[in-house]
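Colleague: So I've got this file, final.txt, and it contains compact mmCIF, C-alpha atoms:
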# COMPACT_ATOMS: atom_id res chain seq x y z
CA MET A 1 0.00 0.00 0.00
CA GLN A 2 1.29 3.44 -0.84
CA PHE A 3 0.19 7.02 -1.21
CA ALA A 4 -1.09 8.15 -4.59
CA GLU A 5 1.22 10.42 -6.55
CA PHE A 6 1.40 13.96 -5.19
CA VAL A 7 -0.20 12.99 -1.87
CA LYS A 8 1.87 14.30 1.04
CA LEU A 9 1.75 13.52 4.74
CA ARG A 10 2.81 15.82 7.55
CA ASN A 11 2.71 15.10 11.26
CA GLU A 12 1.23 17.71 13.55
CA LYS A 13 0.59 17.84 17.30
CA PHE A 14 -3.06 16.94 16.80
CA GLY A 15 -2.30 14.03 14.44
CA SER A 16 -1.55 14.50 10.79
CA VAL A 17 -2.37 16.41 7.67
CA VAL A 18 -2.77 14.53 4.41
CA PHE A 19 -2.59 16.82 1.43
CA ASP A 20 -3.63 15.55 -1.97
CA THR A 21 -1.78 18.30 -3.77
CA LEU A 22 -3.06 17.28 -7.19
CA LYS A 23 -6.71 17.62 -6.20
CA GLU A 24 -5.88 20.41 -3.74
CA LYS A 25 -7.74 18.64 -0.95
CA VAL A 26 -6.58 18.56 2.64
CA TYR A 27 -7.57 15.96 5.21
CA VAL A 28 -6.77 16.17 8.90
CA THR A 29 -6.65 13.18 11.21
CA ASN A 30 -6.24 12.35 14.85
CA GLU A 31 -3.08 10.76 16.27
CA THR A 32 -4.10 7.12 15.75
CA ALA A 33 -5.00 7.68 12.13
CA GLY A 34 -1.75 9.61 11.78
CA GLU A 35 0.11 6.57 13.06
CA ILE A 36 -1.50 4.39 10.39
CA LEU A 37 -0.68 6.93 7.72
CA ASN A 38 2.96 6.92 8.78
CA LEU A 39 2.98 3.12 8.48
CA ILE A 40 1.55 3.44 4.96
CA LYS A 41 4.31 5.91 4.18
CA GLN A 42 6.81 3.27 5.28
CA GLY A 43 5.29 0.95 2.67
CA LYS A 44 3.66 -1.46 5.15
CA SER A 45 0.84 -3.76 4.07
CA LYS A 46 -2.59 -3.85 5.71
CA GLU A 47 -1.60 -6.96 7.70
CA GLU A 48 1.64 -5.36 8.89
CA ILE A 49 -0.23 -2.23 9.95
CA ILE A 50 -2.71 -4.31 11.97
CA ASP A 51 0.16 -6.30 13.58
CA ASP A 52 1.95 -3.07 14.53
CA LEU A 53 -1.16 -1.59 16.12
CA GLU A 54 -1.96 -4.79 18.00
CA GLU A 55 1.47 -4.58 19.57
CA ASN A 56 0.99 -0.97 20.61
CA TYR A 57 -2.66 -0.90 21.70
CA ARG A 58 -4.55 -2.90 24.23
CA SER A 59 -7.74 -3.18 22.17
CA ASP A 60 -8.72 -6.64 21.00
CA ALA A 61 -7.46 -7.77 17.61
CA GLU A 62 -10.92 -7.89 16.09
CA THR A 63 -11.65 -4.24 16.90
CA ILE A 64 -8.29 -3.07 15.58
CA GLU A 65 -8.70 -5.05 12.37
CA LYS A 66 -12.19 -3.67 11.82
CA GLU A 67 -11.16 -0.06 12.44
CA VAL A 68 -8.02 -0.26 10.32
CA SER A 69 -9.94 -1.88 7.46
CA GLU A 70 -12.58 0.83 7.55
CA PHE A 71 -9.99 3.57 7.64
CA LEU A 72 -7.99 2.11 4.76
CA GLN A 73 -11.18 1.72 2.75
CA GLU A 74 -11.96 5.37 3.36
CA LEU A 75 -8.48 6.33 2.14
CA GLU A 76 -8.95 4.20 -0.95
CA ASN A 77 -12.33 5.81 -1.65
CA LEU A 78 -10.70 9.22 -1.42
CA LYS A 79 -7.95 7.93 -3.76
CA VAL A 80 -5.36 9.00 -1.21
CA VAL A 81 -3.75 5.56 -1.34
CA LYS A 82 -3.39 3.07 -4.15
CA MET B 83 -10.01 6.75 13.04
CA LYS B 84 -12.00 8.78 10.61
CA VAL B 85 -10.38 11.26 8.29
CA LYS B 86 -11.97 14.65 7.98
CA GLU B 87 -11.93 16.60 4.75
CA VAL B 88 -11.30 20.30 4.86
CA SER B 89 -10.24 22.91 2.38
CA LEU B 90 -7.04 24.84 2.27
CA LEU B 91 -6.37 27.02 -0.67
CA GLU B 92 -7.87 30.32 -1.55
CA GLN B 93 -9.17 28.70 -4.72
CA ASP B 94 -10.67 25.79 -2.85
CA VAL B 95 -14.18 25.16 -1.63
CA ARG B 96 -15.63 26.47 1.62
CA PRO B 97 -15.86 26.06 4.50
CA SER B 98 -12.30 25.75 5.67
CA SER B 99 -11.73 24.32 9.10
CA VAL B 100 -7.93 24.12 9.13
CA ASP B 101 -7.05 26.45 11.96
CA ILE B 102 -3.66 27.93 11.15
CA GLU B 103 -2.87 28.08 14.88
CA ASP B 104 -2.76 24.28 14.87
CA LEU B 105 -0.29 24.05 12.01
CA SER B 106 3.47 24.02 12.55
CA SER B 107 4.07 25.52 9.12
CA PRO B 108 2.16 26.58 6.01
CA LEU B 109 0.71 23.96 3.72
CA PHE B 110 1.26 25.96 0.58
CA ILE B 111 3.72 28.55 -0.71
CA ALA B 112 2.75 30.81 -3.60
CA TRP B 113 6.01 32.27 -4.87
CA GLN B 114 6.15 35.02 -7.47
CA ILE B 115 9.75 34.35 -8.40
CA ASN B 116 10.18 37.41 -10.63
CA SER B 117 8.32 40.38 -11.98
CA LEU B 118 9.80 40.43 -15.47
CA CYS B 119 7.33 39.42 -18.14
CA ASN B 120 7.32 39.40 -21.92
CA LEU B 121 3.60 40.24 -21.93
CA ASP B 122 1.63 43.24 -20.74
CA CYS B 123 -1.73 41.70 -19.85
CA LEU B 124 -4.62 44.06 -19.18
CA HIS B 125 -5.74 41.91 -16.24
CA CYS B 126 -2.40 41.17 -14.57
CA CYS B 127 -2.89 41.16 -10.78
CA GLU B 128 0.82 41.68 -10.15
CA GLU B 129 1.25 44.49 -12.67
CA ALA B 130 4.19 42.49 -13.97
CA GLY B 131 6.37 43.57 -16.85
CA TYR B 132 9.63 44.96 -15.61
CA GLN B 133 12.05 43.54 -13.09
CA MET B 134 11.26 44.70 -9.57
CA PRO B 135 14.06 46.60 -7.81
CA ASN B 136 15.90 44.43 -5.32
CA GLU B 137 14.53 41.04 -6.35
CA LEU B 138 15.97 38.04 -4.51
CA THR B 139 19.36 36.88 -5.75
CA LYS B 140 19.89 33.30 -6.82
CA ASP B 141 21.52 32.44 -3.48
CA GLU B 142 18.68 34.02 -1.53
CA ALA B 143 16.12 32.21 -3.67
CA LEU B 144 17.82 28.87 -3.15
CA ASP B 145 17.97 29.54 0.57
CA LEU B 146 14.20 30.08 0.48
CA CYS B 147 13.81 26.70 -1.26
CA ARG B 148 15.85 25.05 1.50
CA GLN B 149 13.66 26.67 4.14
CA ILE B 150 10.54 25.41 2.38
CA THR B 151 12.05 21.92 2.54
CA GLU B 152 13.12 22.20 6.17
CA MET B 153 9.64 23.33 7.19
CA ASP B 154 8.14 20.29 5.48
CA ILE B 155 5.80 22.39 3.36
CA PRO B 156 4.10 19.93 1.01
CA TYR B 157 3.12 22.12 -1.92
CA ALA B 158 4.46 25.19 -3.71
CA ALA B 159 3.63 27.12 -6.85
CA ILE B 160 6.08 29.25 -8.79
CA SER B 161 4.66 32.07 -10.86
CA GLY B 162 5.91 35.49 -11.93
CA GLY B 163 6.02 37.77 -13.91
CA GLU B 164 6.92 35.05 -16.33
CA PRO B 165 8.89 32.49 -14.30
CA MET B 166 10.66 31.08 -17.35
CA LEU B 167 12.47 34.42 -17.65
CA CYS B 168 14.01 33.95 -14.22
CA PRO B 169 17.62 32.81 -14.76
CA TYR B 170 17.56 30.51 -11.72
CA PHE B 171 14.08 29.07 -12.25
CA PHE B 172 15.31 25.52 -12.84
CA ASP B 173 17.82 25.71 -9.94
CA ALA B 174 15.02 26.66 -7.57
CA ALA B 175 12.62 24.10 -9.02
CA LYS B 176 15.25 21.40 -8.60
CA VAL B 177 15.73 22.02 -4.88
CA ILE B 178 11.97 21.92 -4.38
CA THR B 179 11.18 18.82 -6.42
CA ASP B 180 14.30 16.89 -5.30
CA ASN B 181 12.97 17.20 -1.76
CA GLY B 182 9.62 15.65 -2.58
CA ILE B 183 7.59 18.84 -2.59
CA SER B 184 4.77 19.09 -5.14
CA LEU B 185 5.47 21.99 -7.46
CA LYS B 186 3.08 23.77 -9.79
CA VAL B 187 4.48 26.13 -12.42
CA GLU B 188 2.31 28.98 -13.73
CA THR B 189 3.48 30.32 -17.08
CA ASN B 190 2.28 31.91 -20.30
CA GLY B 191 3.86 29.00 -22.16
CA HIS B 192 5.86 31.10 -24.62
CA PHE B 193 9.19 29.54 -23.68
CA ILE B 194 8.18 25.88 -23.55
CA ASP B 195 9.86 24.46 -26.63
CA GLU B 196 10.51 20.72 -27.13
CA LYS B 197 13.72 20.78 -25.09
CA THR B 198 12.15 22.68 -22.20
CA ALA B 199 9.14 20.36 -22.22
CA ASP B 200 11.55 17.41 -21.87
CA LYS B 201 13.13 19.13 -18.91
CA PHE B 202 9.73 19.76 -17.33
CA LYS B 203 9.00 16.05 -17.64
CA GLU B 204 12.28 15.16 -15.89
CA PHE B 205 11.45 17.49 -13.00
CA GLY B 206 8.15 15.74 -12.27
CA PHE B 207 6.14 18.88 -11.64
CA ARG B 208 2.77 18.42 -9.99
CA SER B 209 1.39 20.43 -12.89
CA VAL B 210 2.08 23.18 -15.34
CA GLN B 211 -0.56 25.86 -15.69
CA ILE B 212 -0.79 27.81 -18.94
CA SER B 213 -2.86 30.96 -19.31
CA ILE B 214 -5.13 30.96 -22.35
CA ASP B 215 -7.83 33.60 -22.54
CA GLY B 216 -9.64 32.83 -25.75
CA VAL B 217 -10.36 30.31 -28.46
CA THR B 218 -8.82 32.52 -31.09
CA PRO B 219 -5.57 34.51 -31.27
CA LYS B 220 -7.65 37.68 -31.65
CA THR B 221 -9.43 37.33 -28.30
CA HIS B 222 -6.44 36.01 -26.38
CA GLU B 223 -4.09 38.68 -27.67
CA ALA B 224 -6.58 41.52 -27.07
CA MET B 225 -6.24 40.82 -23.33
CA ARG B 226 -2.70 39.47 -23.31
CA ILE B 227 -0.87 42.34 -24.96
CA LYS B 228 2.25 41.04 -26.81
CA GLY B 229 0.91 37.55 -26.23
CA ASP B 230 0.96 34.77 -28.81
CA TRP B 231 -2.01 32.39 -28.64
CA GLN B 232 -0.34 29.83 -30.89
CA LYS B 233 2.73 29.62 -28.66
CA ALA B 234 0.53 28.97 -25.63
CA ILE B 235 -1.42 26.27 -27.48
CA ASP B 236 1.79 24.65 -28.73
CA ALA B 237 3.15 24.60 -25.17
CA VAL B 238 0.04 22.81 -23.96
CA LYS B 239 0.38 20.23 -26.74
CA ARG B 240 4.04 19.59 -25.90
CA LEU B 241 3.30 19.11 -22.21
CA VAL B 242 0.28 16.87 -22.75
CA LYS B 243 2.27 14.77 -25.22
CA ARG B 244 4.76 14.04 -22.45
CA GLY B 245 2.12 13.08 -19.93
CA ILE B 246 2.64 16.17 -17.76
CA ASN B 247 -0.42 17.29 -15.79
CA THR B 248 -1.35 20.40 -17.72
CA GLU B 249 -3.91 22.95 -16.66
CA ILE B 250 -5.39 25.84 -18.58
CA VAL B 251 -6.37 28.93 -16.64
CA PHE B 252 -8.92 31.28 -18.18
CA VAL B 253 -9.83 34.71 -16.83
CA PRO B 254 -13.35 35.79 -17.85
CA THR B 255 -13.72 39.37 -19.07
CA LYS B 256 -15.90 41.35 -21.46
CA PHE B 257 -13.48 40.27 -24.19
CA ASN B 258 -13.86 36.51 -23.88
CA LEU B 259 -16.80 35.58 -21.68
CA LYS B 260 -18.92 34.41 -24.61
CA GLU B 261 -16.16 31.97 -25.59
CA THR B 262 -16.22 30.10 -22.27
CA SER B 263 -18.03 27.05 -23.57
CA GLN B 264 -15.81 26.74 -26.64
CA MET B 265 -12.75 27.34 -24.50
CA ILE B 266 -13.58 24.39 -22.25
CA ASP B 267 -14.17 22.22 -25.31
CA LEU B 268 -10.81 23.34 -26.68
CA ALA B 269 -9.10 22.46 -23.39
CA ALA B 270 -10.69 19.02 -23.45
CA SER B 271 -9.67 18.45 -27.07
CA LEU B 272 -6.09 19.30 -26.11
CA GLY B 273 -6.22 16.59 -23.42
CA VAL B 274 -5.41 18.76 -20.41
CA TYR B 275 -5.82 17.61 -16.83
CA GLY B 276 -7.84 20.61 -15.72
CA PHE B 277 -9.54 23.83 -16.76
CA TYR B 278 -9.48 26.52 -14.08
CA THR B 279 -11.40 29.75 -13.92
CA GLY B 280 -13.22 32.15 -11.61
CA LYS B 281 -14.21 35.78 -11.38
CA ILE B 282 -11.56 38.28 -12.41
CA MET B 283 -9.81 39.80 -9.37
CA ARG B 284 -10.03 43.56 -9.01
CA ILE B 285 -6.38 44.03 -8.15
CA GLY B 286 -3.26 45.25 -9.89
CA ARG B 287 -3.64 46.15 -13.55
CA ALA B 288 -7.08 44.54 -13.61
CA ALA B 289 -8.29 47.18 -11.12
CA LYS B 290 -6.92 49.94 -13.36
CA ASN B 291 -8.68 48.49 -16.41
CA TRP B 292 -11.79 47.45 -14.51
CA ASP B 293 -14.43 49.16 -16.67
CA LYS B 294 -12.88 47.73 -19.81
CA LEU B 295 -12.69 44.21 -18.38
CA ALA B 296 -15.28 43.45 -15.73
CA PRO B 297 -18.26 41.35 -16.83
CA SER B 298 -21.73 42.29 -15.59
CA GLU B 299 -23.62 40.24 -13.01
CA LYS B 300 -25.82 38.91 -15.81
CA ASP B 301 -22.71 37.88 -17.75
CA TYR B 302 -21.45 36.05 -14.68
CA GLU B 303 -24.76 34.29 -14.27
CA ASP B 304 -24.48 32.96 -17.83
CA PHE B 305 -20.81 32.14 -17.25
CA PHE B 306 -21.47 30.01 -14.18
CA ASN B 307 -24.36 28.25 -15.91
CA VAL B 308 -22.00 27.27 -18.71
CA LEU B 309 -19.42 26.08 -16.20
CA GLN B 310 -21.92 23.93 -14.34
CA LYS B 311 -23.02 22.32 -17.58
CA LYS B 312 -19.47 21.72 -18.74
CA GLU B 313 -18.38 20.38 -15.37
CA ALA B 314 -21.05 17.69 -15.69
CA GLU B 315 -20.21 17.04 -19.33
CA TYR B 316 -16.52 16.44 -18.66
CA LYS B 317 -16.83 14.69 -15.31
CA GLY B 318 -14.24 11.94 -15.08
CA LYS B 319 -12.47 13.20 -18.22
CA MET B 320 -11.20 16.66 -17.34
CA LYS B 321 -11.40 18.64 -14.14
CA VAL B 322 -13.48 21.79 -14.71
CA TYR B 323 -12.79 23.90 -11.66
CA TYR B 324 -14.27 27.30 -10.95
CA TYR B 325 -14.11 29.38 -7.83
CA PRO B 326 -17.49 31.09 -7.46
CA TYR B 327 -16.46 33.93 -5.15
CA ASP B 328 -14.99 37.28 -6.07
CA VAL B 329 -12.08 38.88 -4.28
CA VAL B 330 -14.31 40.79 -1.82
CA GLU B 331 -16.25 37.68 -0.86
CA GLU B 332 -12.90 35.97 -0.42
CA LEU B 333 -11.70 38.72 1.92
CA LYS B 334 -14.87 38.54 4.02
CA TYR B 335 -14.14 34.89 4.58
CA ARG B 336 -10.37 34.99 4.95
CA MET B 337 -10.32 37.74 7.58
CA TYR B 338 -11.70 35.15 10.00
CA ASN B 339 -10.31 32.02 8.33
CA PRO B 340 -6.82 32.81 7.04
CA SER B 341 -5.43 30.44 4.48
CA ALA B 342 -2.59 28.11 5.50
CA SER B 343 -0.38 29.62 2.85
CA LEU B 344 2.19 32.34 2.33
CA LEU B 345 2.47 34.60 -0.70
CA ILE B 346 6.07 35.55 -1.47
CA ILE B 347 6.73 38.36 -3.93
CA PRO B 348 9.90 38.73 -6.04
CA ASN B 349 11.79 40.96 -3.58
CA GLY B 350 11.40 38.42 -0.78
CA LYS B 351 8.64 40.27 1.02
CA VAL B 352 5.65 38.23 2.12
CA LYS B 353 2.13 39.50 1.58
CA LEU B 354 -0.67 38.77 3.99
CA ILE B 355 -3.03 38.05 1.10
CA GLY B 356 -3.09 39.19 -2.52
CA PRO B 357 -5.91 41.79 -2.32
CA LEU B 358 -4.51 43.63 0.73
CA PRO B 359 -1.42 45.86 0.72
CA TYR B 360 0.04 44.42 3.93
CA LEU B 361 3.42 42.73 4.20
CA CYS B 362 3.96 40.45 7.19
CA GLY B 363 7.57 39.50 6.61
CA ASP B 364 10.76 39.95 4.65
CA LEU B 365 13.02 37.01 3.83
CA ARG B 366 16.03 39.30 4.10
CA LYS B 367 15.15 40.04 7.73
CA HIS B 368 13.21 37.01 8.90
CA SER B 369 13.38 33.27 8.48
CA LEU B 370 10.38 31.59 6.85
CA LYS B 371 9.61 30.06 10.23
CA GLU B 372 9.45 33.52 11.82
CA ILE B 373 7.32 34.79 8.96
CA TRP B 374 4.78 32.02 9.56
CA GLN B 375 4.39 33.24 13.15
CA ARG B 376 4.21 36.88 12.02
CA TYR B 377 1.53 35.91 9.47
CA LYS B 378 -0.61 34.38 12.21
CA GLN B 379 -0.15 37.46 14.40
CA ALA B 380 -0.91 39.87 11.56
CA TRP B 381 -4.35 38.39 10.98
CA LYS B 382 -5.27 39.21 14.59
CA ARG B 383 -4.39 42.91 14.33
CA ARG B 384 -7.15 45.45 14.69
CA ASP B 385 -5.71 47.77 11.98
CA VAL B 386 -5.59 44.90 9.48
CA LEU B 387 -9.15 43.83 10.23
CA GLU B 388 -10.43 47.42 10.12
CA PHE B 389 -8.78 48.10 6.77
CA THR B 390 -10.13 44.80 5.43
CA GLN B 391 -13.62 45.93 6.43
CA LYS B 392 -13.03 49.22 4.59
CA VAL B 393 -11.99 47.36 1.45
CA ILE B 394 -15.08 45.19 1.69
CA LYS B 395 -17.21 48.35 1.76
CA ASP B 396 -15.21 50.29 -0.83
CA HIS B 397 -13.94 48.02 -3.58
CA THR B 398 -11.90 50.79 -5.20
CA LEU B 399 -9.40 50.35 -2.34
CA LEU B 400 -8.39 47.05 -3.94
CA ALA B 401 -6.38 49.12 -6.39
CA GLN B 402 -3.94 49.77 -3.50
CA SER B 403 -3.08 46.09 -3.17
CA ASN B 404 0.35 46.56 -4.74
CA THR B 405 1.17 49.67 -2.69
CA TRP B 406 2.74 47.71 0.12
CA ILE B 407 2.52 48.52 3.80
CA GLU B 408 5.04 46.78 6.07
CA LEU B 409 3.39 45.72 9.32
CA ASP B 410 5.36 46.45 12.45
CA ILE B 411 4.96 43.12 14.21
Is it possible to express this structure as structure tokens?
Modeller:
Amino acid sequence: MQFAEFVKLRNEKFGSVVFDTLKEKVYVTNETAGEILNLIKQGKSKEEIIDDLEENYRSDAETIEKEVSEFLQELENLKVVK
Amino acid sequence: MKVKEVSLLEQDVRPSSVDIEDLSSPLFIAWQINSLCNLDCLHCCEEAGYQMPNELTKDEALDLCRQITEMDIPYAAISGGEPMLCPYFFDAAKVITDNGISLKVETNGHFIDEKTADKFKEFGFRSVQISIDGVTPKTHEAMRIKGDWQKAIDAVKRLVKRGINTEIVFVPTKFNLKETSQMIDLAASLGVYGFYTGKIMRIGRAAKNWDKLAPSEKDYEDFFNVLQKKEAEYKGKMKVYYYPYDVVEELKYRMYNPSASLLIIPNGKVKLIGPLPYLCGDLRKHSLKEIWQRYKQAWKRRDVLEFTQKVIKDHTLLAQSNTWIELDI
């Protein structure tokens, strides 16, 4: 999984800013979503992202998997990732 | 873990909810790299033509590019004057693009020959925006004095041929408004990525030529109807983008919702916003980081807000936008 061309990520205190500079659309996220976006930037797959979050959060695996899947789907719908 | 969509740029849709206080640095830099231009357009907001006294040197310009990189600013646009007349244009563009920043270039297209188009491709620009103001040389050149419609069209063709995201920007005036529909069809036939337009801004030379240029409200009504129709027609094929607000409406909004961007003029001074005369920084005195803080402070000043209100009431004051006032911050 990777960002679409001309999509840029910047970390901020509140989380992150994703800027699709081609479409000139800005998206802001909270810290957790920012963490996922940074993992995408590192080129991690969906499974690797879920594994990483399971290690860092105390939520059950099922909840994490569901939330990550929904978030990634949202990013795909926005064409932020490909 | 939901993402929230908001708008950023002055050209973008409302409402914006990016609070600049929350941002560590701007999200966009609009850089007028020079003031020299080979054209003398009736509607030029910057009143470009001749070189501005004391423009940034190459070293100073490259230092600005490094600061843009260090501040992790994701997106920049280089315009002019005519940026291709700037002797260090490619040096500056290289620092920006080599550091992963999206770069848009705004040009009249006159200097994009085959070799230059190849170079543009190598640089991987986010897009190249060419100004075309009519479907015929006669219309285009009536507004763009000394302009050459064919050269602009040829530039578009060269860029599109190389797969470069190419945008056409069209400024509606009394001269060309009736050609809007044909102009969008022409853009589509050329295979461009996007067609951009919006109400003419009453600043710079456009303010001086206002009576000659400005369409009537009825004209604008027809114009936006055409745009809506064409947007639907080309959906999924070409982006038809139009900003529906004029410069005064923009000011009313921005005085309470400043854009997360900085506008740098050729001498290294930084404007608060295009339509106002205020300068909030100077790259020869302040770092870009300092200027970002000064920009935030400037928008809270009573004198700035009061003058903005005056401009909103008296549109003729927009003509002062290029008579700069340095804010003592």
Colleague: Pick from A:Ile64, A:Leu72, A:Val18, A:Leu37: nearest to Ile50 (chain A), with all atoms listed in the file counted?
Modeller: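 Using all atoms listed in the file, Ile50 (chain A) sits closest to A:Ile64.
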Colleague: May I ask which of the residues A:Lys46, A:Lys41, A:Arg58, A:Lys23 is the closest one to Arg10 (chain A), counting all atoms listed in the file?
Modeller: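 When distances to Arg10 (chain A) are compared using all atoms listed in the file, the smallest one comes from A:Lys41.
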Colleague: How many Å lie between CA of Asp104 (chain B) and CA of Glu12 (chain A), rounded to one decimal?
Modeller: 7.8 Å
Colleague: Compute the set of chain A residues within 12 Å of chain B, using all atoms listed in the file, and express it as a PyMOL selection string.
Modeller: chain A and resi 5-37+63-78+80
Colleague: Identify the residues within 7 Å of coordinate (-12.9, 40.9, 5.7) (same frame as the file), considering all atoms listed in the file, and give the answer as a VMD selection string.
Modeller: chain B and resid 333 to 337 387 390 to 391 394
Colleague: Quick one: pull the distance between CA of His222 (chain B) and CA of Phe193 (chain B), Å, one decimal.
Modeller: 17.1 Å
Colleague: Can you measure CA of Lys351 (chain B) to CA of Pro254 (chain B) for me? One decimal in Å is fine.
Modeller: 29.3 Å
Colleague: Would you list the contacts of Arg366 (chain B) as a list in words, taking every protein, DNA or RNA residue within 9 Å and counting only C-alpha atoms, but skipping same-chain residues closer than 4 positions in sequence?
Modeller: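 The filter keeps Leu138, Glu142, Asn349, Gly350 and Lys351 of chain B.
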Colleague: Which residues are near Val81 (chain A)? Cut-off 7 Å, only C-alpha atoms, ignore same chain within fewer than 6 positions. Put them as number ranges by chain.
Modeller: A: 1-4, 75
Colleague: So that I can see what lies close to His125 (chain B), please list as a list in words the residues with an atom at most 8 Å from it, counting only C-alpha atoms and leaving out residues fewer than 4 positions away in the same chain.
Modeller: Met225, Ile282, Gly286, Arg287, Ala288, Ala289, Asn291 and Leu295 of chain B
Colleague: Take the residues from that selection and write them out as an mmCIF file, keeping the file's coordinate frame, keeping C-alpha atoms.
Modeller:
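Written output follows (again_10.cif):
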data_model
loop_
_atom_site.group_PDB
_atom_site.id
_atom_site.type_symbol
_atom_site.label_atom_id
_atom_site.label_comp_id
_atom_site.auth_asym_id
_atom_site.auth_seq_id
_atom_site.Cartn_x
_atom_site.Cartn_y
_atom_site.Cartn_z
ATOM 1 C CA MET B 225 -6.240 40.820 -23.330
ATOM 2 C CA ILE B 282 -11.560 38.280 -12.410
ATOM 3 C CA GLY B 286 -3.260 45.250 -9.890
ATOM 4 C CA ARG B 287 -3.640 46.150 -13.550
ATOM 5 C CA ALA B 288 -7.080 44.540 -13.610
ATOM 6 C CA ALA B 289 -8.290 47.180 -11.120
ATOM 7 C CA ASN B 291 -8.680 48.490 -16.410
ATOM 8 C CA LEU B 295 -12.690 44.210 -18.380
#
Colleague: Compare B:Ala143, B:Pro297, B:Trp292, B:Gln149 by their minimum atom-to-atom distance to Cys127 (chain B), counting only C-alpha atoms, and give me the closest one.
Modeller: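 Of the candidates, the smallest distance to Cys127 (chain B) is held by B:Trp292.
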Colleague: Please fill the gaps in region 14-27 of chain A so it has N, CA and C atoms, and write that as a short mmCIF file (atom, residue, chain, number, x, y, z; two decimals), keeping the file's coordinate frame.
Modeller:
data_model
loop_
_atom_site.label_atom_id
_atom_site.label_comp_id
_atom_site.auth_asym_id
_atom_site.auth_seq_id
_atom_site.Cartn_x
_atom_site.Cartn_y
_atom_site.Cartn_z
N PHE A 14 -1.73 17.52 16.66
CA PHE A 14 -3.06 16.94 16.80
C PHE A 14 -3.19 15.60 16.08
N GLY A 15 -2.22 15.24 15.26
CA GLY A 15 -2.30 14.03 14.44
C GLY A 15 -1.53 14.22 13.15
N SER A 16 -2.26 14.29 12.05
CA SER A 16 -1.55 14.50 10.79
C SER A 16 -2.41 15.26 9.79
N VAL A 17 -1.71 15.77 8.80
CA VAL A 17 -2.37 16.41 7.67
C VAL A 17 -2.00 15.61 6.43
N VAL A 18 -3.01 15.20 5.70
CA VAL A 18 -2.77 14.53 4.41
C VAL A 18 -3.20 15.53 3.35
N PHE A 19 -2.30 15.81 2.45
CA PHE A 19 -2.59 16.82 1.43
C PHE A 19 -2.49 16.16 0.06
N ASP A 20 -3.64 16.01 -0.58
CA ASP A 20 -3.63 15.55 -1.97
C ASP A 20 -3.39 16.80 -2.82
N THR A 21 -2.14 17.03 -3.13
CA THR A 21 -1.78 18.30 -3.77
C THR A 21 -2.28 18.37 -5.22
N LEU A 22 -2.55 17.23 -5.82
CA LEU A 22 -3.06 17.28 -7.19
C LEU A 22 -4.52 17.76 -7.19
N LYS A 23 -5.30 17.21 -6.27
CA LYS A 23 -6.71 17.62 -6.20
C LYS A 23 -6.89 18.86 -5.34
N GLU A 24 -5.84 19.27 -4.67
CA GLU A 24 -5.88 20.41 -3.74
C GLU A 24 -6.93 20.18 -2.65
N LYS A 25 -6.86 19.00 -2.06
CA LYS A 25 -7.74 18.64 -0.95
C LYS A 25 -6.88 18.31 0.26
N VAL A 26 -7.31 18.81 1.40
CA VAL A 26 -6.58 18.56 2.64
C VAL A 26 -7.45 17.74 3.58
N TYR A 27 -6.84 16.76 4.22
CA TYR A 27 -7.57 15.96 5.21
C TYR A 27 -6.78 16.02 6.51
#
